[in-house]
Each structure stands twice: as structure tokens, then as C-alpha cells.
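As C-alpha cells, the structure follows; a few thoughts come after it.
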Amino acid sequence: MIEIRNISKTFHRKKQSFKALDAVSLKVDQGDILGIIGFSGAGKSTLIRCVNLLERPDQGQVFVNGTDLTGLNSRQLASERKKIGMIFQHFNLLSSRTVFENVALPLELDGVAKEKITEKVNELLKIVGLEDKALEYPRSLSGGQKQRVAIARALANDPHVLLCDEATSALDPATTQSILQLLQDINRRLNITILLITHEMKVIKAISHHVAVIDKGQLVAKGTLQDVISDKEHPIIKQFLTPDVMTIPQSLANHLKEDAATGLLPLVEVELTGNIVLEELLFVLYQDHKVRHKLLRADLEDIEGSSFGKLLLHLQGNADENAGTLSYLSVNNIQHSIKGYA
Ligand SMILES: Nc1ncnc2c1ncn2[C@@H]1O[C@H](COP(=O)(O)OP(=O)(O)OP(=O)(O)O)[C@@H](O)[C@H]1O
């Protein structure tokens, strides 16, 4: 239903050129939710904006519902764009219009009769749960409510596709979840294909059926979440799955020593990359290796039954038992490092 065929885009600013997209190809089926993830500057916005030609690729084609948008004149393109809704990080509502008038705008521009507009806008406000806010202005709404208005407006022309450009990045975690839930409902109820870009793995995890990873303008992975995370040695995927630093609790950091010495116990940072789940690891250490430990910190994600992330263990066994634990981790390819002794 959406096919991006070998698109590239170079920006020229002053005397410099920057290749934001480099030969990207991607297919998205009708009714799919595809999450595109990448670091800042990876080319995510440029890619999603190429889907409705807000950004025109220098090379390649974009097919939506079988129509090559790159081959259309401006009148034909305007007509096809009505079937592609879009929402943005900062909502892009008109502050001088009420909620009702914001949602009505695309219909007014399309010359739809007044009674039809009223009927449609009320139906849309119901879908996004804002029937009681129709006469309010954007300034009196929360961020989540503003995004709901933007979603209603994006749905006004009954699009086949909804493009979401970092749609939850300006929202707090609870509001993010409720907007993602709404997008999921819309996808199910209206069978709208959703393309969303994000730099957050939790957004991908929450609703995407498929994932594409973009880095430095190139598509580096695509598939189901399970397919993509199975390539966990890929440096980009690995960075998305593992937190950066595990801070050592202040009480231990104060007297942490670099070298082993009698009476000091090792502080070990363990990285889980889906090869063992946390509970199993702790069970094996305690039950099979008889090593007591304190779990000081854990920053883990459970993704489809596998644990990803880091934990900080303060081993409490005797020297032989602790050494046995470290060798168990090594033998089983569980990455770890000793942060010090305390
Ligand atoms: N209109 C433009 N003119 C010049 N350079 C641009 C333009 N738009 C984007 N770029 C550059 O292209 C690269 C990709 O930008 P893009 O906004 O697509 O990345 P992104 O992955 O969406 O990043 P972010 O998450 O920070 O928004 C960046 O280096 C950016 O500076």
C-alpha cells in the first residue's frame, strides 16, 4: 500500500551538502503500523515527509495505494494528499480557531456542505474523546488534548494513511501511552495504515507491528520487533536496547576501590541482550552457584519474553564463589564488567 522505492535526498545549505536519505526502500502493507526509529539527525523526519512529498526526494519513487506520487502534477498531488493524514510533535493547531473549527478546516477547504461538516466533526471529536471541548481554544487544552484535536483533523478526509512525526515526543509518559492507545484503536477500527517516527524504543514497543531502523540516512534493519532485536549485535540496535550508564549508589561509590582486597566484594554490571531473562539469571546464580548477591539496580526492558538492559549486582559470596559467578557469566556469553570492589 505504501512503497518507497530507492529514495535519496540531499540538502544544500550555503556551500555545504548533506545526504539525509541514501537509497531507502521500504514497503508497508495496508493496515500495518510501522515504527521508524533512529537517533537525532538519522533522517526520520525527512523520510516520513517524503511519503506525502512535503519533502520531494531527489531520486526514487513513492507509491501510495498504487499511485506514484512523484509522477503527479500539483493538482493531482493535492488530491492524493487528502488521503494521507499527518500529525506533528507540536500539534500545529490554529490558535485563533476553536477545537471544532480546527477539525473542520480540511473539510471547509474541500468545499464540504456545512451540515456534513458538523456531522463529521462531531463524529471525529467523539472518536478522540473530546466532544465536550468543541468550543474551546487550543490554549486551554493540555498537550495530550491538543494532539487529539490534531488526530481528529488528520482523520477528517478519511485517509488511508496516517503519518506521525514524533507525535508523542512533547508529552509526558502517561499521556504518551493514551495517545498511542488512541492510534492503535484508530488503526484497528478504521484500518488506517500508520507510519510513525520516534527516537524512543518504548513507543515502538507499545504499538508497532513492524519496525524499521534508520541510521545516517540508510535503512539498517526492517522486520517485526522480534526480527529486529534478534540482530542485537548490530551497534545501532544495541544502543536502543541498552541504557547508557548504571549509576552506582552513592553509599557504595564513596568507598569503592579499584582493586580486589580481602573483605571487599565485587560490584558487577551485567548486560542482558535477550539471551537470558533476569529471573533465570538470578535463580542460577543463587541456586546453582550458591552465590548470594544484592541487586542494586536494574534498568531492563522485557521485549517479547526476553530481557534487555543492565543490572548492577554486588556479589556477596566468598572469593571462590564470586569467581565462579564471573566465570559462569563468561562461559555463557553474558557481558559483564567489574565496576570496583566494596
Ligand atoms: N531543510 C533542510 N535543510 C538542510 N538540512 C536539513 C533540512 N532538513 C533536514 N536536514 C538535515 O538532514 C539530516 C536529517 O534530518 P531529519 O530531520 O530527517 O532527522 P531526524 O532523524 O528526524 O532527526 P530529529 O530526531 O532530530 O528530528 C539532519 O542532519 C538535518 O540537519
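Ligands are numbered from 1 in the order shown, residues from 1 within each chain, and chains are lettered A, B, ... in the order they appear in the C-alpha cells.
Neighbouring residues of ligand 1 at a cut-off of 6 Å, counting only C-alpha atoms and all ligand atoms, are Phe11, Arg13, Ala20, Gly38, Phe39, Ser40, Gly41, Ala42, Gly43, Lys44, Ser45 and Thr46 of chain A.
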Write to file, as a compact mmCIF listing (two decimals), in the first residue's frame, the residues of the selection just made, with N, CA and C atoms.
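Resulting contents of result-v5.txt:
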# COMPACT_ATOMS: atom_id res chain seq x y z
N PHE A 11 20.34 17.71 1.10
CA PHE A 11 20.04 19.12 1.37
C PHE A 11 21.28 19.95 1.06
N ARG A 13 22.93 23.58 1.86
CA ARG A 13 22.82 24.82 2.63
C ARG A 13 24.14 25.55 2.53
N ALA A 20 20.68 13.36 3.46
CA ALA A 20 19.81 12.98 4.59
C ALA A 20 19.20 11.59 4.38
N GLY A 38 15.28 5.91 15.02
CA GLY A 38 16.65 6.31 14.70
C GLY A 38 17.05 7.45 15.61
N PHE A 39 18.35 7.70 15.68
CA PHE A 39 18.83 8.79 16.52
C PHE A 39 18.53 10.13 15.87
N SER A 40 18.76 11.18 16.63
CA SER A 40 18.54 12.53 16.10
C SER A 40 19.43 12.75 14.87
N GLY A 41 18.83 13.26 13.83
CA GLY A 41 19.59 13.54 12.61
C GLY A 41 19.73 12.34 11.68
N ALA A 42 19.12 11.22 12.05
CA ALA A 42 19.26 10.00 11.23
C ALA A 42 18.53 10.11 9.88
N GLY A 43 17.53 10.99 9.82
CA GLY A 43 16.78 11.14 8.57
C GLY A 43 15.33 10.73 8.69
N LYS A 44 14.84 10.53 9.92
CA LYS A 44 13.47 10.04 10.13
C LYS A 44 12.43 11.02 9.58
N SER A 45 12.57 12.30 9.98
CA SER A 45 11.58 13.29 9.54
C SER A 45 11.61 13.43 8.03
N THR A 46 12.80 13.46 7.48
CA THR A 46 12.91 13.59 6.03
C THR A 46 12.21 12.41 5.35
If we count only C-alpha atoms, what is near stretch 232-238 of chain A at a cut-off of 9 Å, once residues fewer than 6 positions away on the same chain are taken out, given as a tab-separated table (two decimals) with N, CA and C atoms, in the first residue's frame?
chain	number	residue	atom	x	y	z
A	38	GLY	N	15.28	5.91	15.02
A	38	GLY	CA	16.65	6.31	14.70
A	38	GLY	C	17.05	7.45	15.61
A	39	PHE	N	18.35	7.70	15.68
A	39	PHE	CA	18.83	8.79	16.52
A	39	PHE	C	18.53	10.13	15.87
A	213	VAL	N	14.73	0.52	11.21
A	213	VAL	CA	15.76	1.29	11.92
A	213	VAL	C	16.54	2.08	10.88
A	214	ILE	N	16.65	3.38	11.12
A	214	ILE	CA	17.35	4.24	10.15
A	214	ILE	C	18.55	4.86	10.85
A	215	ASP	N	19.66	4.88	10.14
A	215	ASP	CA	20.87	5.48	10.69
A	215	ASP	C	21.66	6.15	9.58
A	220	VAL	N	18.83	0.42	8.14
A	220	VAL	CA	19.78	-0.62	8.55
A	220	VAL	C	19.09	-1.90	8.99
A	221	ALA	N	17.78	-1.85	9.25
A	221	ALA	CA	17.07	-3.08	9.62
A	221	ALA	C	15.58	-2.86	9.42
A	273	THR	N	21.16	-9.12	26.84
A	273	THR	CA	20.83	-8.80	25.45
A	273	THR	C	19.87	-9.83	24.87
A	274	GLY	N	18.96	-10.28	25.71
A	274	GLY	CA	17.94	-11.21	25.22
A	274	GLY	C	18.34	-12.67	25.33
- Message: Considering only C-alpha atoms, can you say which of A:Lys257, A:Lys205, A:Lys146, A:Lys216 comes closest to A:Lys19?
- Response: A:Lys216
- Message: Taking the DSSP secondary structure from the backbone, can you list the residues of stretch 22-234 of chain A that are strand (DSSP E or B), as number ranges by chain?
- Response: A: 22-28, 33-37, 59-64, 67-68, 84-88, 161-165, 193-198, 210-215, 218-223
- Within 7 Å of A:Glu166, counting only C-alpha atoms, which residues show up once you throw out same-chain ones fewer than 2 positions away? Write them as number ranges by chain, please. A: 88-89, 164, 168-169, 197-198
Save out the residues we just selected, N, CA and C atoms, as a compact mmCIF listing (two decimals), in the first residue's frame.
# COMPACT_ATOMS: atom_id res chain seq x y z
N PHE A 88 1.97 16.02 14.08
CA PHE A 88 3.31 16.52 14.35
C PHE A 88 3.58 16.58 15.85
N GLN A 89 4.86 16.71 16.18
CA GLN A 89 5.26 16.79 17.59
C GLN A 89 4.60 17.98 18.30
N CYS A 164 2.85 9.98 11.48
CA CYS A 164 3.02 10.57 12.81
C CYS A 164 4.49 10.94 13.00
N THR A 168 4.44 11.88 19.96
CA THR A 168 4.33 11.83 21.42
C THR A 168 5.56 12.41 22.12
N SER A 169 6.48 12.96 21.35
CA SER A 169 7.75 13.41 21.97
C SER A 169 7.59 14.58 22.92
N ILE A 197 7.35 7.94 13.35
CA ILE A 197 8.78 8.01 13.60
C ILE A 197 9.00 8.41 15.04
N THR A 198 10.05 7.88 15.61
CA THR A 198 10.32 8.10 17.02
C THR A 198 11.80 7.85 17.31
- Message: I want to know what sits within 12 Å of A:Gln226, based on only C-alpha atoms, with residues of the same chain fewer than 4 positions away left out; could you give that as a count of residues only?
- Response: 19
- Atomic separation - atom CA of A:Gln177 relative to atom CA of A:Val64, Å: 28.5 Å
- Query: If you count only C-alpha atoms, which residues fall within 9 Å of stretch 125-137 of chain A, apart from same-chain ones fewer than 3 positions away, as number ranges by chain?
  - Reply: A: 94-101, 103, 120-122, 140-141, 145, 148-149, 151-152, 182, 186
File of the preceding selection, N, CA and C atoms, as an mmCIF file, in the first residue's frame:
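Below is the file that was written, again07.cif:
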data_model
loop_
_atom_site.group_PDB
_atom_site.id
_atom_site.type_symbol
_atom_site.label_atom_id
_atom_site.label_comp_id
_atom_site.auth_asym_id
_atom_site.auth_seq_id
_atom_site.Cartn_x
_atom_site.Cartn_y
_atom_site.Cartn_z
ATOM 1 N N LEU A 94 -4.337 25.740 14.798
ATOM 2 C CA LEU A 94 -4.501 27.186 14.608
ATOM 3 C C LEU A 94 -5.070 27.765 15.898
ATOM 4 N N SER A 95 -4.312 28.681 16.503
ATOM 5 C CA SER A 95 -4.701 29.177 17.828
ATOM 6 C C SER A 95 -5.951 30.056 17.775
ATOM 7 N N SER A 96 -6.242 30.631 16.608
ATOM 8 C CA SER A 96 -7.398 31.530 16.519
ATOM 9 C C SER A 96 -8.697 30.764 16.250
ATOM 10 N N ARG A 97 -8.596 29.452 16.076
ATOM 11 C CA ARG A 97 -9.798 28.644 15.806
ATOM 12 C C ARG A 97 -10.096 27.734 16.983
ATOM 13 N N THR A 98 -11.370 27.489 17.194
ATOM 14 C CA THR A 98 -11.758 26.561 18.256
ATOM 15 C C THR A 98 -11.372 25.137 17.843
ATOM 16 N N VAL A 99 -11.549 24.219 18.795
ATOM 17 C CA VAL A 99 -11.297 22.800 18.515
ATOM 18 C C VAL A 99 -12.139 22.369 17.308
ATOM 19 N N PHE A 100 -13.440 22.714 17.347
ATOM 20 C CA PHE A 100 -14.342 22.342 16.251
ATOM 21 C C PHE A 100 -13.813 22.898 14.924
ATOM 22 N N GLU A 101 -13.453 24.190 14.953
ATOM 23 C CA GLU A 101 -13.024 24.843 13.700
ATOM 24 C C GLU A 101 -11.698 24.292 13.177
ATOM 25 N N VAL A 103 -10.716 21.147 13.480
ATOM 26 C CA VAL A 103 -11.009 19.848 12.869
ATOM 27 C C VAL A 103 -11.767 20.041 11.548
ATOM 28 N N LYS A 120 -19.611 15.371 10.587
ATOM 29 C CA LYS A 120 -18.308 14.696 10.545
ATOM 30 C C LYS A 120 -17.429 15.111 11.720
ATOM 31 N N VAL A 121 -17.396 16.438 12.006
ATOM 32 C CA VAL A 121 -16.523 16.910 13.093
ATOM 33 C C VAL A 121 -16.991 16.316 14.428
ATOM 34 N N ASN A 122 -18.292 16.280 14.643
ATOM 35 C CA ASN A 122 -18.789 15.705 15.901
ATOM 36 C C ASN A 122 -18.422 14.228 16.019
ATOM 37 N N SER A 140 -6.377 26.505 25.857
ATOM 38 C CA SER A 140 -6.908 25.988 27.124
ATOM 39 C C SER A 140 -6.862 24.455 27.192
ATOM 40 N N LEU A 141 -6.140 23.828 26.253
ATOM 41 C CA LEU A 141 -6.055 22.365 26.255
ATOM 42 C C LEU A 141 -4.688 21.883 26.731
ATOM 43 N N GLN A 145 -4.539 16.642 24.850
ATOM 44 C CA GLN A 145 -5.802 17.044 24.196
ATOM 45 C C GLN A 145 -5.518 17.715 22.856
ATOM 46 N N ARG A 148 -4.932 15.143 20.378
ATOM 47 C CA ARG A 148 -6.201 14.501 19.990
ATOM 48 C C ARG A 148 -6.933 15.337 18.933
ATOM 49 N N VAL A 149 -6.888 16.652 19.111
ATOM 50 C CA VAL A 149 -7.516 17.530 18.104
ATOM 51 C C VAL A 149 -6.788 17.336 16.762
ATOM 52 N N ILE A 151 -5.200 14.791 15.738
ATOM 53 C CA ILE A 151 -5.531 13.468 15.172
ATOM 54 C C ILE A 151 -6.908 13.538 14.495
ATOM 55 N N ALA A 152 -7.867 14.181 15.177
ATOM 56 C CA ALA A 152 -9.215 14.308 14.586
ATOM 57 C C ALA A 152 -9.135 15.055 13.256
ATOM 58 N N LEU A 182 -4.851 5.483 21.511
ATOM 59 C CA LEU A 182 -5.814 6.040 20.551
ATOM 60 C C LEU A 182 -5.397 5.687 19.113
ATOM 61 N N ILE A 186 -7.566 3.555 16.405
ATOM 62 C CA ILE A 186 -7.889 4.079 15.076
ATOM 63 C C ILE A 186 -7.430 3.102 13.998
#
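Non-sequential neighbours of A:Ala170 (distance at most 10 Å, separation of 6 or more positions within a chain, only C-alpha atoms) are A:Phe88, A:Gln89, A:His90, A:Phe91, A:Gly143, A:Gly144, A:Gln147, A:Thr176.
The closest residue to A:Leu278, picked from A:Ile229, A:Leu312, A:Met86, A:Ala253 and counting only C-alpha atoms, is A:Leu312.
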- Pick out the residues sitting within 10 Å of stretch 48-61 of chain A, and hand them over as an NGL selection string; count only C-alpha atoms, and ignore anything fewer than 4 positions along from it in its own chain. :A and (2-11 or 21-25 or 36 or 43-44 or 67-71 or 77-78 or 80-86 or 161 or 163-165 or 195-197)
Dump as a PDB file, in the first residue's frame, selection limited to C-alpha atoms:
ATOM      1  CA  ILE A   2       2.975   2.299   0.633  1.00  0.00           C
ATOM      2  CA  GLU A   3       6.088   1.579  -1.323  1.00  0.00           C
ATOM      3  CA  ILE A   4       9.154   3.734  -1.067  1.00  0.00           C
ATOM      4  CA  ARG A   5      11.471   2.807  -3.877  1.00  0.00           C
ATOM      5  CA  ASN A   6      15.131   3.739  -3.642  1.00  0.00           C
ATOM      6  CA  ILE A   7      14.693   7.337  -2.496  1.00  0.00           C
ATOM      7  CA  SER A   8      17.573   9.703  -1.783  1.00  0.00           C
ATOM      8  CA  LYS A   9      17.556  13.286  -0.593  1.00  0.00           C
ATOM      9  CA  THR A  10      20.438  15.731  -0.288  1.00  0.00           C
ATOM     10  CA  PHE A  11      20.040  19.122   1.370  1.00  0.00           C
ATOM     11  CA  LEU A  21      18.468   9.872   2.819  1.00  0.00           C
ATOM     12  CA  ASP A  22      20.543   7.401   0.882  1.00  0.00           C
ATOM     13  CA  ALA A  23      18.766   4.881  -1.358  1.00  0.00           C
ATOM     14  CA  VAL A  24      15.980   3.975   1.085  1.00  0.00           C
ATOM     15  CA  SER A  25      13.422   1.343   0.058  1.00  0.00           C
ATOM     16  CA  ILE A  36      10.667   4.029  12.197  1.00  0.00           C
ATOM     17  CA  GLY A  43      16.783  11.142   8.571  1.00  0.00           C
ATOM     18  CA  LYS A  44      13.472  10.042  10.128  1.00  0.00           C
ATOM     19  CA  THR A  67      -0.138   5.699  -7.359  1.00  0.00           C
ATOM     20  CA  ASP A  68       3.359   7.057  -7.939  1.00  0.00           C
ATOM     21  CA  LEU A  69       3.139  10.426  -6.152  1.00  0.00           C
ATOM     22  CA  THR A  70       6.417  11.595  -7.655  1.00  0.00           C
ATOM     23  CA  GLY A  71       4.857  11.445 -11.117  1.00  0.00           C
ATOM     24  CA  LEU A  77      -0.846  15.528  -5.767  1.00  0.00           C
ATOM     25  CA  ALA A  78      -3.130  17.774  -3.691  1.00  0.00           C
ATOM     26  CA  GLU A  80      -3.874  12.266  -3.311  1.00  0.00           C
ATOM     27  CA  ARG A  81      -2.586  14.061  -0.209  1.00  0.00           C
ATOM     28  CA  LYS A  82      -6.116  14.253   1.176  1.00  0.00           C
ATOM     29  CA  LYS A  83      -5.858  10.515   1.729  1.00  0.00           C
ATOM     30  CA  ILE A  84      -2.672  10.909   3.769  1.00  0.00           C
ATOM     31  CA  GLY A  85      -3.204  12.462   7.200  1.00  0.00           C
ATOM     32  CA  MET A  86      -0.312  13.772   9.254  1.00  0.00           C
ATOM     33  CA  VAL A 161      -2.586   6.530   5.826  1.00  0.00           C
ATOM     34  CA  LEU A 163       1.877   9.812   9.258  1.00  0.00           C
ATOM     35  CA  CYS A 164       3.017  10.572  12.815  1.00  0.00           C
ATOM     36  CA  ASP A 165       6.114  12.745  13.110  1.00  0.00           C
ATOM     37  CA  LEU A 195       3.741   5.236   9.891  1.00  0.00           C
ATOM     38  CA  LEU A 196       5.321   6.720  12.945  1.00  0.00           C
ATOM     39  CA  ILE A 197       8.783   8.011  13.596  1.00  0.00           C
TER      40      ILE A 197
END
